[in-house]
Amino acid sequence: MSRRTRLAAFKAVLVALLLAFTLFPAFWMLSSAFDARAGSAGKGLLPQEFSLENFEYVLTEGGFDVFLRNSATVALVTVLASAVLALLASVAVARFRFRFRTAMLLMILIVQMVPLEALVIPLFVQVRDLQMLNTLLGLIIVYVALSLPFGIWMLRGFVAAVPKELEEAAYLDGASWGRMFRSVLLPLVMPGLVATSVFSFITAWNEFIFAMTLLGGATENYTVAIGLKQFFGEHSNDWGAIMAASTIITVPVMVFFVLVQRKLASGLVAGAVKG
């Protein structure tokens with residue numbers, strides 16, 4: 001074998017090992033989820049008894065259908081609200097000049113550096129004072145507040161990168177500000193808007209600490225992150241149900257990311273054409 005062939009073979013083996021190391025947890029999760037004897041000793045790589053009973057138990061007796069509906073509501077509302085607010089705020093800080101503009105941008109940057117754990121108690125007190133504890137609305141407001149600093153900071157760069165000449169040309173053609181915003185600015189900043197939406201969705205779907213703190217007394221409003229906790233016992237764990245619930249939690253995130261990834265590519269092309 002030549003040196004180039006040996007190098008190519010070494011790279012192929014290295015990539016295969018990295019893929020195996022990365023994908024093995026997902027494979028083990030799926031194998032245990034479809035295994036009716038996942039909690040028994042001597043668990044192999046493949047299911048010993050292929051069955052859907054873990055999923056049936058999670059969705060019926062485990063009440064995971066309610067948790068999925070709650071998480072879907074929270075995540076979708078959070079994505080829509082944070083996207084609209086972040087886009088409008090980013091246009092304001094990137095296109096207009098006003099007092100304390102620099103201080104506002106600095107504050108947004110500082111907020112991103114604060115650990116989320118440090119915000120649990122202050123946000124809990126605020127939600128309690130608003131009488132929104134144990135409600136999905138209170139949790140949504142908190143998630144929107146957590147997503148906005150990142151969204152504004154990222155979208156500000158996209159808005160600032162759009163040449164002002166494009167907007168001026170639209171005005172000269174008789175377009176109003178709203179028409180210019182829809183036809184010129186929005187397509188060009190769509191990639192950044194999609195990226196912030198992915199961040200908001202994953203945060204709202206997977207977050208545990210704030211959900212547990214704000215919804216601890218309302219079982220009917222639990223999200224999937226909190227619902228997964230009920231399958232962990234004090235002395236033993238139901239690994240079949242845990243892996244089935246984890247699979248159910250993972251699928252929507254993967255589907256959302258695939259759909260958004262396509263929109264990201266189309267947004268880049270649409271922005272280039274319309275610009």
# chains A, B, ... in the order shown; residues from 1 in each chain; ligands from 1
call {"tool": "residues_around", "arguments": {"residues": "region 220-225 of chain A", "least_positions_apart": "3", "cutoff": "8 Å", "atoms": "only C-alpha atoms", "output": "ChimeraX atom specification"}}
result
/A:64,66-68,70-71,134-136,205-208,211,215-216,228-229,249
call {"tool": "residues_around", "arguments": {"residues": "Ala33 (chain A)", "least_positions_apart": "6", "cutoff": "10 Å", "atoms": "only C-alpha atoms", "output": "number ranges by chain"}}
result
A: 27, 47, 50-55, 239-248
call {"tool": "write_last_selection", "arguments": {"atoms": "all heavy atoms", "output": "compact mmCIF listing (two decimals), in the first residue's frame"}}
result
# COMPACT_ATOMS: atom_id res chain seq x y z
N PHE A 27 -27.83 5.08 19.90
CA PHE A 27 -28.15 3.69 19.60
C PHE A 27 -28.58 2.94 20.85
O PHE A 27 -29.54 2.16 20.84
CB PHE A 27 -26.92 3.01 18.97
CG PHE A 27 -27.05 1.52 18.85
CD1 PHE A 27 -27.81 0.96 17.84
CD2 PHE A 27 -26.41 0.68 19.75
CE1 PHE A 27 -27.93 -0.42 17.73
CE2 PHE A 27 -26.53 -0.70 19.65
CZ PHE A 27 -27.30 -1.24 18.64
N PRO A 47 -31.99 -5.32 21.38
CA PRO A 47 -33.10 -5.66 22.28
C PRO A 47 -33.25 -7.18 22.44
O PRO A 47 -33.24 -7.93 21.46
CB PRO A 47 -34.32 -5.05 21.57
CG PRO A 47 -33.77 -3.99 20.69
CD PRO A 47 -32.42 -4.47 20.26
N PHE A 50 -37.99 -7.50 21.53
CA PHE A 50 -38.46 -6.28 20.85
C PHE A 50 -39.94 -6.06 21.16
O PHE A 50 -40.77 -6.94 20.96
CB PHE A 50 -38.25 -6.40 19.35
CG PHE A 50 -38.55 -5.13 18.60
CD1 PHE A 50 -37.57 -4.18 18.43
CD2 PHE A 50 -39.82 -4.89 18.09
CE1 PHE A 50 -37.85 -3.00 17.74
CE2 PHE A 50 -40.10 -3.73 17.41
CZ PHE A 50 -39.12 -2.77 17.24
N SER A 51 -40.26 -4.84 21.63
CA SER A 51 -41.64 -4.54 22.01
C SER A 51 -41.83 -3.02 22.05
O SER A 51 -40.87 -2.26 22.21
CB SER A 51 -41.98 -5.14 23.36
OG SER A 51 -43.26 -4.74 23.77
N LEU A 52 -43.10 -2.61 21.94
CA LEU A 52 -43.47 -1.19 22.04
C LEU A 52 -44.12 -0.87 23.39
O LEU A 52 -44.66 0.23 23.56
CB LEU A 52 -44.44 -0.81 20.91
CG LEU A 52 -43.90 -0.89 19.49
CD1 LEU A 52 -45.00 -0.57 18.49
CD2 LEU A 52 -42.73 0.07 19.29
N GLU A 53 -44.06 -1.80 24.31
CA GLU A 53 -44.77 -1.60 25.57
C GLU A 53 -44.18 -0.46 26.40
O GLU A 53 -44.91 0.18 27.17
CB GLU A 53 -44.78 -2.89 26.39
CG GLU A 53 -43.42 -3.36 26.86
CD GLU A 53 -43.51 -4.64 27.68
OE1 GLU A 53 -44.35 -5.49 27.35
OE2 GLU A 53 -42.73 -4.77 28.64
N ASN A 54 -42.89 -0.19 26.25
CA ASN A 54 -42.32 0.96 26.96
C ASN A 54 -42.94 2.26 26.50
O ASN A 54 -43.26 3.14 27.31
CB ASN A 54 -40.80 1.00 26.76
CG ASN A 54 -40.08 -0.12 27.48
OD1 ASN A 54 -40.50 -0.54 28.55
ND2 ASN A 54 -39.01 -0.62 26.89
N PHE A 55 -43.13 2.41 25.18
CA PHE A 55 -43.75 3.61 24.65
C PHE A 55 -45.22 3.69 25.07
O PHE A 55 -45.72 4.78 25.39
CB PHE A 55 -43.63 3.64 23.12
CG PHE A 55 -42.23 3.82 22.63
CD1 PHE A 55 -41.43 2.72 22.33
CD2 PHE A 55 -41.68 5.08 22.47
CE1 PHE A 55 -40.13 2.88 21.88
CE2 PHE A 55 -40.39 5.26 22.01
CZ PHE A 55 -39.61 4.14 21.72
N TRP A 239 -35.61 1.84 33.44
CA TRP A 239 -34.77 2.25 32.32
C TRP A 239 -35.50 2.11 30.98
O TRP A 239 -35.26 2.89 30.06
CB TRP A 239 -33.48 1.44 32.30
CG TRP A 239 -32.57 1.80 33.41
CD1 TRP A 239 -32.24 1.04 34.50
CD2 TRP A 239 -31.89 3.05 33.58
NE1 TRP A 239 -31.39 1.73 35.32
CE2 TRP A 239 -31.16 2.97 34.79
CE3 TRP A 239 -31.84 4.22 32.84
CZ2 TRP A 239 -30.38 4.02 35.27
CZ3 TRP A 239 -31.07 5.28 33.31
CH2 TRP A 239 -30.34 5.16 34.50
N GLY A 240 -36.39 1.16 30.86
CA GLY A 240 -37.15 1.05 29.63
C GLY A 240 -38.01 2.27 29.39
O GLY A 240 -38.03 2.83 28.28
N ALA A 241 -38.72 2.70 30.42
CA ALA A 241 -39.56 3.89 30.30
C ALA A 241 -38.71 5.15 30.13
O ALA A 241 -39.07 6.06 29.37
CB ALA A 241 -40.45 4.02 31.54
N ILE A 242 -37.58 5.21 30.82
CA ILE A 242 -36.70 6.37 30.70
C ILE A 242 -36.19 6.53 29.27
O ILE A 242 -36.20 7.62 28.69
CB ILE A 242 -35.52 6.25 31.69
CG1 ILE A 242 -36.03 6.38 33.13
CG2 ILE A 242 -34.46 7.31 31.40
CD1 ILE A 242 -34.97 6.09 34.17
N MET A 243 -35.74 5.42 28.68
CA MET A 243 -35.22 5.49 27.32
C MET A 243 -36.33 5.74 26.31
O MET A 243 -36.13 6.45 25.30
CB MET A 243 -34.48 4.19 26.99
CG MET A 243 -33.22 3.97 27.81
SD MET A 243 -32.06 5.36 27.66
CE MET A 243 -30.76 4.83 28.76
N ALA A 244 -37.52 5.19 26.53
CA ALA A 244 -38.64 5.46 25.63
C ALA A 244 -39.04 6.93 25.70
O ALA A 244 -39.27 7.58 24.66
CB ALA A 244 -39.82 4.57 25.98
N ALA A 245 -39.12 7.48 26.90
CA ALA A 245 -39.45 8.89 27.05
C ALA A 245 -38.36 9.78 26.45
O ALA A 245 -38.66 10.80 25.81
CB ALA A 245 -39.64 9.22 28.53
N SER A 246 -37.10 9.39 26.62
CA SER A 246 -36.00 10.17 26.04
C SER A 246 -36.07 10.15 24.51
O SER A 246 -35.80 11.18 23.86
CB SER A 246 -34.66 9.60 26.51
OG SER A 246 -34.54 9.64 27.91
N THR A 247 -36.45 9.02 23.94
CA THR A 247 -36.62 8.94 22.49
C THR A 247 -37.74 9.85 22.02
O THR A 247 -37.60 10.57 21.01
CB THR A 247 -36.92 7.49 22.08
OG1 THR A 247 -35.86 6.64 22.53
CG2 THR A 247 -37.05 7.38 20.56
N ILE A 248 -38.85 9.85 22.75
CA ILE A 248 -39.97 10.71 22.39
C ILE A 248 -39.57 12.18 22.49
O ILE A 248 -39.98 13.01 21.66
CB ILE A 248 -41.17 10.41 23.30
CG1 ILE A 248 -41.68 8.98 23.06
CG2 ILE A 248 -42.30 11.41 23.08
CD1 ILE A 248 -42.77 8.54 24.01
call {"tool": "residues_around", "arguments": {"residues": "Leu116 (chain A)", "least_positions_apart": "5", "cutoff": "10 Å", "atoms": "only C-alpha atoms", "output": "JSON, numbers by chain"}}
result
{"A": [111, 146, 209, 210]}
call {"tool": "select_by_dssp", "arguments": {"residues": "region 63-274 of chain A", "states": "helix (DSSP H, G or I)", "output": "ChimeraX atom specification"}}
result
/A:64-95,101-113,116-129,136-161,164-172,177-206,209-215,219-221,224-231,239-274
call {"tool": "residues_around", "arguments": {"residues": "Leu193 (chain A)", "least_positions_apart": "6", "cutoff": "12 Å", "atoms": "only C-alpha atoms", "output": "NGL selection string"}}
result
:A and (79-88 or 90 or 148 or 150-159 or 185-187 or 199-200 or 260-261 or 263-264 or 267-268)
call {"tool": "write_last_selection", "arguments": {"atoms": "N, CA and C atoms", "output": "tab-separated table (two decimals), in the first residue's frame"}}
result
chain	number	residue	atom	x	y	z
A	79	VAL	N	-40.82	30.49	20.73
A	79	VAL	CA	-40.12	30.75	19.47
A	79	VAL	C	-40.74	31.93	18.74
A	80	LEU	N	-42.06	31.95	18.62
A	80	LEU	CA	-42.73	33.04	17.89
A	80	LEU	C	-42.55	34.38	18.59
A	81	ALA	N	-42.77	34.40	19.90
A	81	ALA	CA	-42.67	35.67	20.64
A	81	ALA	C	-41.24	36.20	20.64
A	82	SER	N	-40.27	35.34	20.91
A	82	SER	CA	-38.88	35.80	20.96
A	82	SER	C	-38.38	36.22	19.58
A	83	ALA	N	-38.84	35.54	18.52
A	83	ALA	CA	-38.41	35.91	17.17
A	83	ALA	C	-38.92	37.29	16.79
A	84	VAL	N	-40.19	37.55	17.06
A	84	VAL	CA	-40.78	38.86	16.71
A	84	VAL	C	-40.12	39.97	17.53
A	85	LEU	N	-40.02	39.79	18.83
A	85	LEU	CA	-39.46	40.83	19.69
A	85	LEU	C	-37.98	41.06	19.39
A	86	ALA	N	-37.22	39.97	19.19
A	86	ALA	CA	-35.80	40.12	18.91
A	86	ALA	C	-35.56	40.81	17.57
A	87	LEU	N	-36.39	40.49	16.57
A	87	LEU	CA	-36.22	41.11	15.26
A	87	LEU	C	-36.50	42.61	15.32
A	88	LEU	N	-37.59	43.00	15.97
A	88	LEU	CA	-37.92	44.42	16.07
A	88	LEU	C	-36.87	45.17	16.89
A	90	SER	N	-33.71	44.30	17.30
A	90	SER	CA	-32.44	44.35	16.56
A	90	SER	C	-32.48	45.42	15.46
A	148	LEU	N	-34.25	36.41	24.56
A	148	LEU	CA	-34.13	37.70	23.89
A	148	LEU	C	-32.70	38.25	23.80
A	150	PHE	N	-29.74	36.83	23.54
A	150	PHE	CA	-29.02	36.15	22.46
A	150	PHE	C	-29.61	36.49	21.10
A	151	GLY	N	-30.94	36.51	21.00
A	151	GLY	CA	-31.58	36.80	19.72
A	151	GLY	C	-31.31	38.21	19.25
A	152	ILE	N	-31.39	39.18	20.15
A	152	ILE	CA	-31.15	40.57	19.76
A	152	ILE	C	-29.70	40.76	19.32
A	153	TRP	N	-28.77	40.19	20.08
A	153	TRP	CA	-27.36	40.37	19.75
A	153	TRP	C	-27.01	39.72	18.41
A	154	MET	N	-27.56	38.54	18.14
A	154	MET	CA	-27.26	37.89	16.87
A	154	MET	C	-27.93	38.59	15.70
A	155	LEU	N	-29.21	38.93	15.83
A	155	LEU	CA	-29.92	39.55	14.72
A	155	LEU	C	-29.41	40.96	14.44
A	156	ARG	N	-28.87	41.61	15.45
A	156	ARG	CA	-28.31	42.95	15.22
A	156	ARG	C	-27.22	42.90	14.17
A	157	GLY	N	-26.36	41.87	14.22
A	157	GLY	CA	-25.30	41.74	13.21
A	157	GLY	C	-25.86	41.51	11.83
A	158	PHE	N	-26.93	40.72	11.70
A	158	PHE	CA	-27.53	40.48	10.40
A	158	PHE	C	-28.17	41.74	9.84
A	159	VAL	N	-28.87	42.49	10.70
A	159	VAL	CA	-29.51	43.72	10.23
A	159	VAL	C	-28.47	44.75	9.84
A	185	LEU	N	-35.77	43.60	3.90
A	185	LEU	CA	-35.00	43.33	5.12
A	185	LEU	C	-35.25	41.92	5.66
A	186	LEU	N	-36.51	41.51	5.72
A	186	LEU	CA	-36.83	40.22	6.33
A	186	LEU	C	-36.18	39.04	5.61
A	187	PRO	N	-36.22	38.96	4.26
A	187	PRO	CA	-35.55	37.82	3.60
A	187	PRO	C	-34.05	37.78	3.85
A	199	PHE	N	-32.27	28.17	18.74
A	199	PHE	CA	-31.81	28.34	20.13
A	199	PHE	C	-33.00	28.45	21.07
A	200	SER	N	-34.01	29.23	20.70
A	200	SER	CA	-35.18	29.40	21.56
A	200	SER	C	-35.94	28.09	21.72
A	260	VAL	N	-35.88	23.36	9.98
A	260	VAL	CA	-35.26	24.68	10.07
A	260	VAL	C	-34.00	24.75	9.22
A	261	GLN	N	-33.28	23.64	9.13
A	261	GLN	CA	-32.07	23.62	8.32
A	261	GLN	C	-32.39	23.88	6.86
A	263	LYS	N	-35.04	25.56	5.81
A	263	LYS	CA	-35.43	26.96	5.74
A	263	LYS	C	-34.22	27.88	5.79
A	264	LEU	N	-33.19	27.47	6.50
A	264	LEU	CA	-31.97	28.27	6.58
A	264	LEU	C	-31.32	28.39	5.22
A	267	GLY	N	-33.53	30.43	2.96
A	267	GLY	CA	-33.47	31.84	3.34
A	267	GLY	C	-32.24	32.54	2.80
A	268	LEU	N	-31.11	31.83	2.77
A	268	LEU	CA	-29.90	32.41	2.20
A	268	LEU	C	-30.07	32.70	0.72
call {"tool": "residues_around", "arguments": {"residues": "Leu139 (chain A)", "least_positions_apart": "3", "cutoff": "10 Å", "atoms": "only C-alpha atoms", "output": "ChimeraX atom specification"}}
result
/A:74,78,123-124,127,132-136,142-145,204,210-215
call {"tool": "atom_distance", "arguments": {"atom1": "CA of Thr73 (chain A)", "atom2": "CA of Phe257 (chain A)"}}
result
17.2 Å
call {"tool": "atom_distance", "arguments": {"atom1": "CA of Met180 (chain A)", "atom2": "CA of Glu167 (chain A)"}}
result
6.5 Å
call {"tool": "atom_distance", "arguments": {"atom1": "CA of Phe231 (chain A)", "atom2": "CA of Thr60 (chain A)"}}
result
13.5 Å
